[in-house]
Amino acid sequence: MTRLAVAADPRFSVSRMEVDRAGPTYAVDTLRELRRLHGPCVQLFFIAGADVLASIATWREARSLGELAHFVFCSRPGYELGGSSLLGRERVTLLHVPVWEISSTVIRQRVSRVQSIRYLVPDPVVDYITERGLYRE
């Protein structure tokens with residue numbers, strides 16, 4: 001579904017790196033592999049919600065993360081969008097975005113209740129979910 005969501009925009013690509021990796025997968029391993037594949041001149045961005053910012057200090061080798069990518073944390077209802085000294089201020093962007101109560105859980109719940117998800121996810125993803133009868137009870 002991620003491939004379908006970004007297919008129309010050539011600026012995006014989808015990697016199966018974490019899916020295909022044997023055993024547990026950690027962000028630090030993925031970022032190191034991306035750095036190895038793309039070299040030191042490519043700028044990597046890790047985009048996540050404020051909920052991730054609240055727990056990132058507990059991640060494996062958390063102190064190394066800021067050296068591997070620039071982190072962008074987006075506002076999310078119920079979570080404080082504050083700075084993280086762990087990653088270094090110059091390696092973090094805090095982004096306030098319009099608050100929509102959309103999450104993968106909300107999408108699955110709407111589908112199971114036979115409510116529309118159109119405009120909440122890209123049309124190819126709506127079609128994929130509908131054609132395969134996903135998330136129906």
# chains A, B, ... in the order shown; residues from 1 in each chain; ligands from 1
>>> select_by_dssp(residues="segment 5-131 of chain A", states="helix (DSSP H, G or I)", output="ChimeraX atom specification")
/A:5-6,17-20,27-38,50-58,62-68,89-91,104-112,123-131
>>> select_by_dssp(residues="segment 17-134 of chain A", states="strand (DSSP E or B)", output="CSV table (one decimal) with N, CA and C atoms, in the first residue's frame")
chain,number,residue,atom,x,y,z
A,45,PHE,N,16.3,12.0,5.8
A,45,PHE,CA,15.3,12.6,6.8
A,45,PHE,C,14.5,11.4,7.4
A,46,PHE,N,14.3,11.5,8.7
A,46,PHE,CA,13.5,10.5,9.4
A,46,PHE,C,12.3,11.3,9.9
A,47,ILE,N,11.1,11.0,9.3
A,47,ILE,CA,9.9,11.8,9.6
A,47,ILE,C,9.0,10.9,10.5
A,48,ALA,N,8.6,11.5,11.6
A,48,ALA,CA,7.7,10.7,12.5
A,48,ALA,C,6.9,11.7,13.3
A,49,GLY,N,5.9,11.2,14.1
A,49,GLY,CA,5.0,12.0,14.9
A,49,GLY,C,5.7,12.3,16.2
A,70,HIS,N,18.6,13.6,9.6
A,70,HIS,CA,17.9,14.7,10.2
A,70,HIS,C,16.5,14.3,10.6
A,71,PHE,N,16.1,14.6,11.8
A,71,PHE,CA,14.8,14.1,12.2
A,71,PHE,C,13.7,15.2,12.1
A,72,VAL,N,12.6,14.9,11.6
A,72,VAL,CA,11.5,15.8,11.5
A,72,VAL,C,10.3,15.2,12.3
A,73,PHE,N,9.9,15.9,13.4
A,73,PHE,CA,8.8,15.4,14.2
A,73,PHE,C,7.6,16.3,14.0
A,74,CYS,N,6.5,15.7,13.7
A,74,CYS,CA,5.2,16.4,13.4
A,74,CYS,C,4.3,16.4,14.6
A,92,VAL,N,17.2,18.3,14.3
A,92,VAL,CA,15.8,18.1,14.6
A,92,VAL,C,15.0,19.3,14.1
A,93,THR,N,13.9,19.0,13.4
A,93,THR,CA,13.0,20.0,13.0
A,93,THR,C,11.6,19.6,13.6
A,94,LEU,N,11.0,20.6,14.3
A,94,LEU,CA,9.7,20.4,14.8
A,94,LEU,C,8.7,21.0,13.9
A,95,LEU,N,7.7,20.3,13.4
A,95,LEU,CA,6.8,20.7,12.4
A,95,LEU,C,5.4,20.7,12.9
A,118,ARG,N,-12.0,7.7,1.7
A,118,ARG,CA,-11.6,8.5,0.6
A,118,ARG,C,-11.2,9.8,1.1
A,121,VAL,N,-6.7,8.6,2.6
A,121,VAL,CA,-5.5,7.9,2.0
A,121,VAL,C,-5.6,8.1,0.5
>>> residues_around(residues="Trp100 of chain A", least_positions_apart="4", cutoff="10 Å", atoms="only C-alpha atoms", output="count of residues only")
3
>>> residues_around(residues="Ile107 of chain A", least_positions_apart="6", cutoff="12 Å", atoms="only C-alpha atoms", output="list of chain:residue names")
A:Glu101, A:Arg113, A:Val114, A:Gln115, A:Ser116, A:Ile117, A:Arg118, A:Tyr119, A:Leu120, A:Val121, A:Pro122, A:Val125, A:Val126, A:Ile129, A:Leu134, A:Tyr135, A:Arg136
>>> closest_residue(among="A:Met1, A:Leu86, A:Ala8, A:Ala69", to="Ala54 of chain A", atoms="only C-alpha atoms")
A:Leu86
>>> atom_distance(atom1="atom CA of Arg11 of chain A", atom2="atom CA of His96 of chain A")
22.7 Å
>>> closest_residue(among="A:Val6, A:Leu68, A:Ile102, A:Ile56", to="Arg32 of chain A", atoms="only C-alpha atoms")
A:Leu68
>>> atom_distance(atom1="atom CA of Glu61 of chain A", atom2="atom CA of Leu87 of chain A")
11.1 Å
